[in-house]
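The block underneath contains the structure these notes are about, expressed in structure tokens.
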Amino acid sequence: MDVPPLEHLFLITGTTRGIGRALVASALRQPNSFVVSLSRAAPFIRENHQNIRIDLNDTDRIAGSFNSIPIQLKQASRLTRTVLINNAGVLDPIAPIGDCDDTLLARNIQVNLTAPLILTRHFFHFSKPFPGHKWIVNITSGASRTPYYGWSAYGAAKAGLDMATRAMALEFSRIDPAFGICAVAPGTVDTAMQEKIRGCTPDQFAKVRKFLDLKSSGVLDSPAHAASKLIRLLMRDRFENGGRYDLREMGEQ
Ligand SMILES: NC(=O)c1ccc[n+]([C@@H]2O[C@H](COP(=O)([O-])OP(=O)(O)OC[C@H]3O[C@@H](n4cnc5c(N)ncnc54)[C@H](OP(=O)(O)O)[C@@H]3O)[C@@H](O)[C@H]2O)c1
């Protein structure tokens, strides 16, 4: 396959909708970029965008998906930045623990925590020979720091992701400083995930009223705005290894 001059390579998970889809659109707008989306949608490859089909519950299949990426070392010789954004996420099950489904509990941890760890491991080996900086951005949530009634698995997985980010940052600073990793909370963004929250009963999720109010008062961010801000900050090297950021609190200068 004929790949144009390549400076920025992005791998982004969970790209069928919401923040992930907007991250792909924003990454594709960067000059000389190639975007690999990892999603449950049908595979395709066109110009500077490839979609690899992967269900992140199938953790045994994650390693193999790196073999389908068409970038060779020769084509990557001018890369200045290779980025993995672990964006895919699930909220379910939303309920007090006694009412949660076992399979959904296991899948929540699998998609929100286990998959980002495995993806980071294989991204490390895949991108290590490339020149330039390598960045891993883990999309976290305010729920990693504040307990929410009905979100035990989601909050635990995101808190685990925050700690994994800090531990891997220590490792990278010693093993290969060309790598950096950080966690970014995107704020409250108007996506299907927010719609799901608003559809809960107060018995499932005690703070549902707060999220209904956020929508009706028009304060939710748009996926396009949140995603383009994150990509701009990445391109300006505004993240530090081991950092945890709230996108809403970040100025752009
Ligand atoms: N929206 C917010 O206010 C908010 C706030 C804090 C943090 N976040 C975080 O931001 C990230 C994106 O959330 P969003 O609001 O854009 O959510 P969303 O609209 O629900 O999108 C979630 C994405 O994750 C994908 N995904 C879920 N399970 C998957 C699996 N097993 N394999 C592959 N892909 C899977 C979905 O793909 P399918 O179409 O295949 O299901 C979808 O593309 C998540 O990590 C979320 O926790 C969001």
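FYI, nothing fancy with the structure tokens labels: chains A, B, ... in order, residues from 1 per chain, ligands from 1 as they appear.
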Which residues come within 9 Å of Met168 (chain A), counting only C-alpha atoms, excluding same-chain residues fewer than 3 positions away, as an mmCIF file with C-alpha atoms, in the first residue's frame?
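Result file is out01.cif:
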data_model
loop_
_atom_site.group_PDB
_atom_site.id
_atom_site.type_symbol
_atom_site.label_atom_id
_atom_site.label_comp_id
_atom_site.auth_asym_id
_atom_site.auth_seq_id
_atom_site.Cartn_x
_atom_site.Cartn_y
_atom_site.Cartn_z
ATOM 1 C CA MET A 163 -2.871 4.190 38.858
ATOM 2 C CA ALA A 164 -1.697 2.023 35.952
ATOM 3 C CA THR A 165 -0.869 5.265 34.096
ATOM 4 C CA GLU A 171 8.651 2.472 33.911
ATOM 5 C CA PHE A 172 8.891 4.511 30.702
ATOM 6 C CA SER A 173 11.025 7.213 32.322
ATOM 7 C CA GLY A 180 5.113 9.216 27.676
ATOM 8 C CA ILE A 181 1.772 8.273 29.178
ATOM 9 C CA GLY A 242 2.539 10.499 34.449
#
(request) Name each residue within 8 Å of ligand 1, counting only C-alpha atoms and all ligand atoms, as a VMD selection string. (result) chain A and resid 13 to 21 38 to 41 54 to 58 86 to 91 107 111 to 112 138 to 143 154 158 185 to 194 220 223
- Of the listed residues A:Pro177, A:Gly243, A:Pro43, A:Pro31, that which approaches Asp162 (chain A) most closely, counting only C-alpha atoms: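 Once distances to Asp162 (chain A) are computed over only C-alpha atoms, the minimum belongs to A:Gly243.
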Run DSSP on the backbone and give me the residues of region 24-252 of chain A it puts in strand (DSSP E or B), as an mmCIF file with C-alpha atoms, in the first residue's frame.
data_model
loop_
_atom_site.group_PDB
_atom_site.id
_atom_site.type_symbol
_atom_site.label_atom_id
_atom_site.label_comp_id
_atom_site.auth_asym_id
_atom_site.auth_seq_id
_atom_site.Cartn_x
_atom_site.Cartn_y
_atom_site.Cartn_z
ATOM 1 C CA SER A 33 -1.174 11.850 9.596
ATOM 2 C CA PHE A 34 -2.341 8.252 9.435
ATOM 3 C CA VAL A 35 -5.092 7.043 11.754
ATOM 4 C CA VAL A 36 -5.707 3.454 12.792
ATOM 5 C CA SER A 37 -9.071 3.126 14.479
ATOM 6 C CA LEU A 38 -9.711 0.021 16.552
ATOM 7 C CA SER A 39 -13.444 -0.608 16.805
ATOM 8 C CA PHE A 44 -11.671 -0.848 5.910
ATOM 9 C CA ILE A 45 -8.627 0.954 4.612
ATOM 10 C CA ARG A 46 -8.709 4.176 2.581
ATOM 11 C CA HIS A 49 -7.406 5.875 7.638
ATOM 12 C CA GLN A 50 -7.627 2.192 8.487
ATOM 13 C CA ASN A 51 -10.226 0.571 10.722
ATOM 14 C CA ILE A 52 -9.292 -2.703 12.401
ATOM 15 C CA ARG A 53 -12.234 -4.668 13.757
ATOM 16 C CA ARG A 81 4.799 11.380 17.005
ATOM 17 C CA THR A 82 3.108 8.003 17.448
ATOM 18 C CA VAL A 83 0.051 8.074 19.697
ATOM 19 C CA LEU A 84 -2.258 5.490 21.254
ATOM 20 C CA ILE A 85 -5.510 6.865 22.682
ATOM 21 C CA ASN A 86 -7.302 4.341 24.894
ATOM 22 C CA HIS A 133 7.881 10.699 20.618
ATOM 23 C CA LYS A 134 5.433 7.987 21.580
ATOM 24 C CA TRP A 135 2.426 8.937 23.635
ATOM 25 C CA ILE A 136 -0.280 6.904 25.332
ATOM 26 C CA VAL A 137 -3.371 8.849 26.428
ATOM 27 C CA ASN A 138 -5.769 6.974 28.699
ATOM 28 C CA ILE A 139 -9.240 8.491 28.755
ATOM 29 C CA PHE A 179 7.578 7.201 25.641
ATOM 30 C CA GLY A 180 5.113 9.216 27.676
ATOM 31 C CA ILE A 181 1.772 8.273 29.178
ATOM 32 C CA CYS A 182 -0.959 10.344 30.790
ATOM 33 C CA ALA A 183 -4.625 10.176 31.795
ATOM 34 C CA VAL A 184 -7.132 12.741 30.517
ATOM 35 C CA ALA A 185 -10.670 13.225 31.839
ATOM 36 C CA VAL A 189 -19.497 15.445 26.856
ATOM 37 C CA ASP A 221 -19.366 19.874 25.793
ATOM 38 C CA ARG A 244 -3.595 13.346 35.013
ATOM 39 C CA TYR A 245 -5.573 16.143 33.410
ATOM 40 C CA ASP A 246 -9.115 17.456 33.304
#
Between A:Asn48, A:Arg78, A:Leu28, A:Phe205, smallest distance to Asp99 (chain A) by only C-alpha atoms belongs to A:Phe205
Quick one: distance from CA of Leu113 (chain A) to CA of Ile62 (chain A) in Å, one decimal?
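If I compute the distance from CA of Leu113 (chain A) to CA of Ile62 (chain A), I get 13.5 Å.
Distance-wise, CA of Lys128 (chain A) and CA of Ala227 (chain A) end up 25.8 Å apart.
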Problem - Interatomic distance, CA of Ser26 (chain A) to CA of Lys229 (chain A) (Å, one decimal) - result: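 Those two atoms sit 9.0 Å apart.
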Which residues are close to Asp203 (chain A), i.e. within 10 Å by only C-alpha atoms, leaving aside same-chain residues fewer than 5 positions away? Reply as a short mmCIF file (atom, residue, chain, number, x, y, z; two decimals) with N, CA and C atoms, in the first residue's frame.
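And here's selection08.cif as it stands now:
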data_model
loop_
_atom_site.label_atom_id
_atom_site.label_comp_id
_atom_site.auth_asym_id
_atom_site.auth_seq_id
_atom_site.Cartn_x
_atom_site.Cartn_y
_atom_site.Cartn_z
N ILE A 94 -24.97 -0.42 35.44
CA ILE A 94 -25.27 0.72 36.32
C ILE A 94 -26.34 0.25 37.30
N ALA A 95 -25.92 0.01 38.52
CA ALA A 95 -26.84 -0.48 39.57
C ALA A 95 -26.04 -0.70 40.84
N PRO A 96 -26.69 -0.71 42.00
CA PRO A 96 -25.97 -1.15 43.19
C PRO A 96 -25.47 -2.58 42.98
N TYR A 149 -22.83 6.35 43.37
CA TYR A 149 -23.75 5.26 43.69
C TYR A 149 -24.22 4.61 42.39
N GLY A 150 -23.93 3.32 42.20
CA GLY A 150 -24.39 2.63 40.98
C GLY A 150 -23.30 2.45 39.93
N VAL A 208 -28.91 10.80 39.02
CA VAL A 208 -29.44 11.00 37.67
C VAL A 208 -29.95 12.42 37.46
#
Of the listed residues A:Glu7, A:Asp176, A:Glu240, A:Asp101, that which approaches Gln75 (chain A) most closely, counting only C-alpha atoms
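For Gln75 (chain A), the nearest of the given residues is A:Glu7.
Residues in contact with Thr103 (chain A) at up to 12 Å, not including ones fewer than 6 positions away on its chain and judged by only C-alpha atoms, are Asn57, Asp92, Pro93, Ile109, Gln110 and Ala153 of chain A.
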Let me see the file: selected residues, C-alpha atoms, as a PDB file, in the first residue's frame.
ATOM      1  CA  ASN A  57     -13.706  -8.022  25.351  1.00  0.00           C
ATOM      2  CA  ASP A  92     -22.688  -0.869  32.302  1.00  0.00           C
ATOM      3  CA  PRO A  93     -23.653  -2.324  34.673  1.00  0.00           C
ATOM      4  CA  ILE A 109     -13.168  -4.132  33.868  1.00  0.00           C
ATOM      5  CA  GLN A 110     -12.070  -5.888  30.679  1.00  0.00           C
ATOM      6  CA  ALA A 153     -17.229  -1.224  38.283  1.00  0.00           C
TER       7      ALA A 153
END
Those of region 37-71 of chain A in DSSP helix (DSSP H, G or I), formatted as a ChimeraX atom specification
/A:59-68
May I have the residues from that selection written out with C-alpha atoms, as a PDB file, in the first residue's frame?
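Output below, filename result_31.pdb:
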ATOM      1  CA  THR A  59      -8.343  -9.551  24.957  1.00  0.00           C
ATOM      2  CA  ASP A  60      -6.593 -12.566  23.372  1.00  0.00           C
ATOM      3  CA  ARG A  61      -7.063 -10.972  19.948  1.00  0.00           C
ATOM      4  CA  ILE A  62      -5.599  -7.554  20.765  1.00  0.00           C
ATOM      5  CA  ALA A  63      -1.961  -8.507  20.004  1.00  0.00           C
ATOM      6  CA  GLY A  64      -2.906  -9.800  16.537  1.00  0.00           C
ATOM      7  CA  SER A  65      -4.545  -6.528  15.551  1.00  0.00           C
ATOM      8  CA  PHE A  66      -1.120  -4.805  15.521  1.00  0.00           C
ATOM      9  CA  ASN A  67      -0.020  -7.189  12.739  1.00  0.00           C
ATOM     10  CA  SER A  68      -2.637  -5.686  10.390  1.00  0.00           C
TER      11      SER A  68
END
